[in-house]
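Q: What follows is the file model34.tsv, containing TSV, C-alpha atoms:
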chain	number	residue	atom	x	y	z
A	25	MET	CA	0.00	0.00	0.00
A	26	LYS	CA	1.34	3.39	-0.96
A	27	LYS	CA	0.87	6.13	1.58
A	28	ILE	CA	1.12	9.82	1.01
A	29	THR	CA	-0.01	12.64	3.19
A	30	MET	CA	-2.46	15.08	1.72
A	31	MET	CA	-2.43	18.58	3.10
A	32	VAL	CA	-5.61	20.57	2.65
A	33	ALA	CA	-5.47	24.32	3.03
A	34	ALA	CA	-8.17	26.89	2.39
A	35	ALA	CA	-6.76	30.09	0.93
A	36	GLY	CA	-8.43	33.47	0.65
A	37	PHE	CA	-7.88	37.20	0.80
A	38	ALA	CA	-6.27	38.36	4.03
A	39	CYS	CA	-3.23	40.27	5.22
A	40	ALA	CA	-0.15	38.15	5.72
A	41	ALA	CA	2.27	38.48	8.62
A	42	MET	CA	5.83	39.21	7.58
A	43	ASN	CA	9.05	38.22	9.32
A	44	ALA	CA	12.59	38.69	8.08
A	45	ALA	CA	15.79	36.76	8.64
A	46	GLN	CA	19.13	38.49	8.08
A	47	ALA	CA	21.98	36.82	6.25
A	48	ALA	CA	25.52	38.12	5.78
A	49	ASP	CA	24.82	39.20	2.21
A	50	GLY	CA	21.03	39.52	1.95
A	51	THR	CA	17.61	39.31	3.51
A	52	ILE	CA	15.11	36.46	3.37
A	53	ASN	CA	11.50	37.51	3.99
A	54	PHE	CA	8.97	34.94	5.20
A	55	THR	CA	5.26	35.56	4.71
A	56	GLY	CA	2.32	33.47	5.73
A	57	GLU	CA	-0.92	33.30	7.58
A	58	ILE	CA	-2.54	30.89	10.00
A	59	VAL	CA	-6.19	30.28	9.16
A	60	ALA	CA	-8.81	28.47	11.20
A	61	ALA	CA	-10.24	26.61	8.21
A	62	SER	CA	-10.42	22.86	8.63
A	63	CYS	CA	-12.20	20.39	6.36
A	64	GLY	CA	-13.43	16.84	6.78
A	65	ILE	CA	-13.25	14.57	3.74
A	66	THR	CA	-15.76	12.05	2.44
A	67	GLY	CA	-15.11	9.89	-0.58
A	68	GLY	CA	-17.02	10.19	-3.78
A	69	SER	CA	-16.80	7.76	-6.65
A	70	GLY	CA	-13.53	5.80	-6.76
A	71	THR	CA	-12.46	6.39	-3.16
A	72	SER	CA	-12.87	5.04	0.33
A	73	VAL	CA	-12.18	7.41	3.24
A	74	THR	CA	-11.72	6.32	6.85
A	75	GLY	CA	-10.69	8.11	10.03
A	76	SER	CA	-11.69	11.40	11.58
A	77	LYS	CA	-11.01	14.98	10.47
A	78	GLY	CA	-7.29	15.72	10.58
A	79	ASP	CA	-6.32	12.02	10.51
A	80	GLN	CA	-8.06	10.54	7.50
A	81	SER	CA	-6.91	7.78	5.18
A	82	ILE	CA	-8.01	7.61	1.55
A	83	ASP	CA	-7.80	4.26	-0.25
A	84	VAL	CA	-7.69	4.17	-4.05
A	85	LYS	CA	-7.74	0.82	-5.85
A	86	LEU	CA	-5.82	0.90	-9.13
A	87	GLY	CA	-6.61	-2.70	-10.00
A	88	LYS	CA	-4.61	-5.16	-12.11
A	89	VAL	CA	-2.81	-3.95	-15.23
A	90	SER	CA	-0.84	-6.01	-17.72
A	91	VAL	CA	2.82	-5.32	-18.43
A	92	ASP	CA	1.83	-4.93	-22.10
A	93	ALA	CA	-0.62	-2.11	-21.25
A	94	LEU	CA	2.19	-0.11	-19.64
A	95	GLY	CA	4.73	-0.86	-22.36
A	96	GLY	CA	2.53	0.07	-25.32
A	97	ALA	CA	3.05	3.35	-27.13
A	98	ALA	CA	-0.71	3.89	-27.54
A	99	GLY	CA	-1.20	4.74	-23.87
A	100	GLY	CA	2.07	6.64	-23.52
A	101	GLY	CA	3.14	4.25	-20.76
A	102	ILE	CA	0.11	5.18	-18.59
A	103	ALA	CA	-2.58	2.67	-17.61
A	104	ALA	CA	-5.37	2.01	-15.11
A	105	GLY	CA	-6.64	5.52	-14.61
A	106	THR	CA	-8.86	5.70	-11.54
A	107	ALA	CA	-11.01	8.70	-10.72
A	108	ILE	CA	-10.61	10.10	-7.22
A	109	ASN	CA	-13.47	12.29	-6.08
A	110	LEU	CA	-13.24	13.95	-2.68
A	111	ASN	CA	-15.99	15.93	-0.99
A	112	LEU	CA	-14.77	18.44	1.59
A	113	ASP	CA	-16.97	19.79	4.35
A	114	CYS	CA	-15.35	22.79	6.00
A	115	GLY	CA	-18.36	23.68	8.16
A	116	ALA	CA	-18.31	27.34	9.14
A	117	THR	CA	-14.49	27.55	9.19
A	118	GLY	CA	-14.16	28.76	5.58
A	119	LYS	CA	-15.65	32.21	6.16
A	120	GLY	CA	-13.89	34.80	4.00
A	121	LEU	CA	-11.99	32.17	1.98
A	122	ASN	CA	-12.61	31.15	-1.61
A	123	THR	CA	-10.28	28.30	-2.62
A	124	VAL	CA	-9.24	24.89	-1.34
A	125	LYS	CA	-5.76	23.68	-2.30
A	126	VAL	CA	-4.65	20.08	-1.91
A	127	ARG	CA	-0.93	19.36	-1.85
A	128	PHE	CA	0.56	15.89	-1.51
A	129	ASP	CA	3.53	15.08	0.69
A	130	PRO	CA	5.11	11.90	-0.74
A	131	ALA	CA	8.05	12.03	1.68
A	132	SER	CA	5.74	10.99	4.52
A	133	GLY	CA	4.65	7.92	2.56
A	134	SER	CA	6.35	5.77	-0.07
A	135	GLY	CA	8.37	8.69	-1.45
A	136	LEU	CA	9.09	9.75	-5.02
A	137	ASP	CA	10.12	7.36	-7.79
A	138	ALA	CA	13.89	7.25	-8.39
A	139	ASN	CA	13.47	7.33	-12.21
A	140	ASN	CA	10.86	10.11	-12.33
A	141	ASN	CA	10.50	12.36	-9.30
A	142	LYS	CA	7.09	13.60	-10.46
A	143	LEU	CA	5.69	10.15	-9.59
A	144	LEU	CA	5.04	8.17	-6.41
A	145	LYS	CA	7.31	5.22	-5.77
A	146	THR	CA	5.60	1.84	-5.53
A	147	THR	CA	6.56	-0.42	-2.65
A	148	GLY	CA	5.67	-3.86	-4.03
A	149	THR	CA	7.61	-6.31	-6.16
A	150	ALA	CA	6.75	-4.76	-9.56
A	151	LYS	CA	9.63	-2.92	-11.25
A	152	GLY	CA	9.73	-0.06	-13.76
A	153	VAL	CA	6.36	1.34	-12.70
A	154	ALA	CA	5.22	4.22	-10.48
A	155	ILE	CA	1.97	6.02	-9.69
A	156	GLY	CA	1.02	9.31	-11.30
A	157	LEU	CA	-1.59	11.79	-10.07
A	158	PHE	CA	-3.38	13.80	-12.75
A	159	ASN	CA	-5.80	16.70	-12.76
A	160	THR	CA	-9.12	16.27	-14.58
A	161	ALA	CA	-7.57	17.63	-17.80
A	162	GLY	CA	-5.09	14.73	-17.72
A	163	THR	CA	-2.04	16.81	-16.79
A	164	LEU	CA	0.45	15.03	-14.54
A	165	LEU	CA	0.80	16.68	-11.13
A	166	ASN	CA	4.48	17.30	-10.38
A	167	LEU	CA	4.79	15.94	-6.84
A	168	ASN	CA	8.40	17.09	-6.60
A	169	ALA	CA	7.37	20.72	-7.21
A	170	ASN	CA	4.56	20.80	-4.60
A	171	GLU	CA	1.92	21.46	-7.25
A	172	THR	CA	-1.65	21.55	-5.97
A	173	ILE	CA	-5.13	20.50	-7.01
A	174	ASP	CA	-7.42	23.49	-6.45
A	175	ALA	CA	-11.19	23.79	-6.13
A	176	PRO	CA	-13.55	26.63	-5.31
A	177	LEU	CA	-14.84	26.83	-1.75
A	178	VAL	CA	-18.62	27.15	-2.06
A	179	GLN	CA	-20.76	28.85	0.58
A	180	GLY	CA	-24.05	27.23	1.50
A	181	GLY	CA	-26.31	27.33	4.54
A	182	THR	CA	-27.73	30.67	5.63
A	183	GLU	CA	-26.24	34.10	6.21
A	184	GLU	CA	-26.44	33.48	9.97
A	185	ALA	CA	-25.07	29.93	9.79
A	186	PRO	CA	-22.93	29.55	6.65
A	187	THR	CA	-21.34	26.25	5.64
A	188	TYR	CA	-18.50	25.79	3.17
A	189	THR	CA	-17.87	22.83	0.89
A	190	ALA	CA	-15.61	21.90	-2.02
A	191	ASN	CA	-15.42	19.01	-4.46
A	192	LEU	CA	-11.98	17.89	-5.61
A	193	ALA	CA	-11.48	15.63	-8.59
A	194	LEU	CA	-8.26	14.01	-9.76
A	195	ASN	CA	-7.09	10.76	-11.31
A	196	ALA	CA	-4.40	8.22	-10.44
A	197	GLY	CA	-2.78	5.65	-12.68
A	198	TYR	CA	0.21	3.41	-13.13
A	199	VAL	CA	2.97	5.04	-15.20
A	200	LYS	CA	5.94	3.32	-16.83
A	201	ALA	CA	8.97	4.67	-14.97
A	202	GLY	CA	11.78	2.45	-16.14
A	203	THR	CA	13.11	0.83	-19.29
A	204	ASP	CA	11.50	-2.52	-18.49
A	205	VAL	CA	8.29	-3.18	-16.58
A	206	VAL	CA	8.41	-6.34	-14.46
A	207	ALA	CA	5.15	-7.84	-13.16
A	208	GLY	CA	4.49	-7.94	-9.43
A	209	THR	CA	2.53	-6.22	-6.70
A	210	ALA	CA	2.53	-2.46	-7.00
Can I see the file as structure tokens?
A:
Amino acid sequence: MKKITMMVAAAGFACAAMNAAQAADGTINFTGEIVAASCGITGGSGTSVTGSKGDQSIDVKLGKVSVDALGGAAGGGIAAGTAINLNLDCGATGKGLNTVKVRFDPASGSGLDANNNKLLKTTGTAKGVAIGLFNTAGTLLNLNANETIDAPLVQGGTEEAPTYTANLALNAGYVKAGTDVVAGTA
């Protein structure tokens, strides 16, 4: 089982605190903001979510794929695309915010593939294969560059008791990541 940590952050318009660190030949400025937004996740089609808010596990089954499917030029070395649909419920904590950003932290799980650091390393016996995460347009998410999947934060409820939700959609699939693909568990 491959494990990665997904960090969910709601971003909006607000003033950022600024701190500076002095170096011998320059200045490094740090900016950021702490927000109270927190979202629980439920799985839509293609996913199974367990655990409680802040400590949830999302299981995605990629299925069985033949070595030939990964080696063929027709698929570009990508096979077994699985849709991952996540429903986020941020309750009232999203007030004043408008976007949810999901960033993956592969270092806390299986890590990045040695042949292609945009991909997740598999931990089974299969060789020459890794796992790619794609946005809904089919563009590979560069996990090494901390790219995010973004979705609008939608306000519901009433003016007195607002609720905020978001729906995130992405895809995962096996990607050929070596010269030869060897069958095994991935």
Q: Quick one: of A:Val124, A:Val153, A:Ile173, A:Ala103, who's nearest to A:Cys63, counting only C-alpha atoms?
A: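 Looking at the shortest contact to A:Cys63, the residue is A:Val124.
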Q: Per residue of stretch 105-179 of chain A within 12 Å of stretch 90-93 of chain A, record the nearest atom pair and its distance in Å to one decimal, counting all atoms listed in the file, with rows in chain order and ascending residue number, as CSV.
A:
residue,atom,partner,partner_atom,distance
A:Gly105,CA,A:Ala93,CA,11.8
A:Ala150,CA,A:Val91,CA,9.7
A:Lys151,CA,A:Val91,CA,10.2
A:Gly152,CA,A:Val91,CA,9.9
A:Val153,CA,A:Val91,CA,9.5
Q: Enter the distance from atom CA of A:Asn195 to atom CA of A:Leu121, in Å, rounded to one decimal.
A: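 Those two atoms sit 25.7 Å apart.
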Q: So, with all atoms listed in the file as the atoms that count, which of A:Ala196, A:Ile155, A:Gly50, A:Asn122 lies closest to A:Ser134?
A: A:Ile155
Q: Report, in Å with one decimal, the straight-line distance from atom CA of A:Gly133 to atom CA of A:Leu157.
A: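 Atom-to-atom, atom CA of A:Gly133 to atom CA of A:Leu157, that is 14.6 Å.
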Q: With a distance cut-off of 8 Å and all atoms listed in the file, select the neighbouring residues of stretch 66-78 of chain A, excluding the residue or stretch itself and same-chain residues fewer than 6 positions from it, and output the selection as a list in words.
A: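 Selected residues are Val84, Lys85, Thr106, Ala107, Ile108, Asn109, Leu110, Asn111 and Leu112 of chain A.
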Q: Show me, as a list of chain:residue names, the residues that have an atom within 10 Å of A:Gly181 when counting all atoms listed in the file, minus same-chain residues fewer than 6 positions from it.
A: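 Near neighbours after the sequence-gap exclusion: A:Gly115, A:Ala116, A:Thr187, A:Tyr188.
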Q: Using all atoms listed in the file for the distances, tell me which of A:Ile52, A:Val199, A:Val206, A:Ala185 is nearest to A:Thr149.
A: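 Using all atoms listed in the file, A:Thr149 sits closest to A:Val206.
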Q: Separation of atom CA of A:Gly162 and atom CA of A:Asp113, in Å?
A: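 Atom CA of A:Gly162 sits 25.6 Å away from atom CA of A:Asp113.
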Q: Using all atoms listed in the file, pick whichever of A:Leu165, A:Cys114, A:Ala207, A:Ala193 has the shortest atom-to-atom distance to A:Gly180.
A: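 Counting all atoms listed in the file, the residue closest to A:Gly180 is A:Cys114.
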Q: Looking at A:Ile82, A:Ala175, A:Leu192, A:Ala154, which one is nearest to A:Leu136, with distances taken over only C-alpha atoms?
A: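 Once distances to A:Leu136 are computed over only C-alpha atoms, the minimum belongs to A:Ala154.
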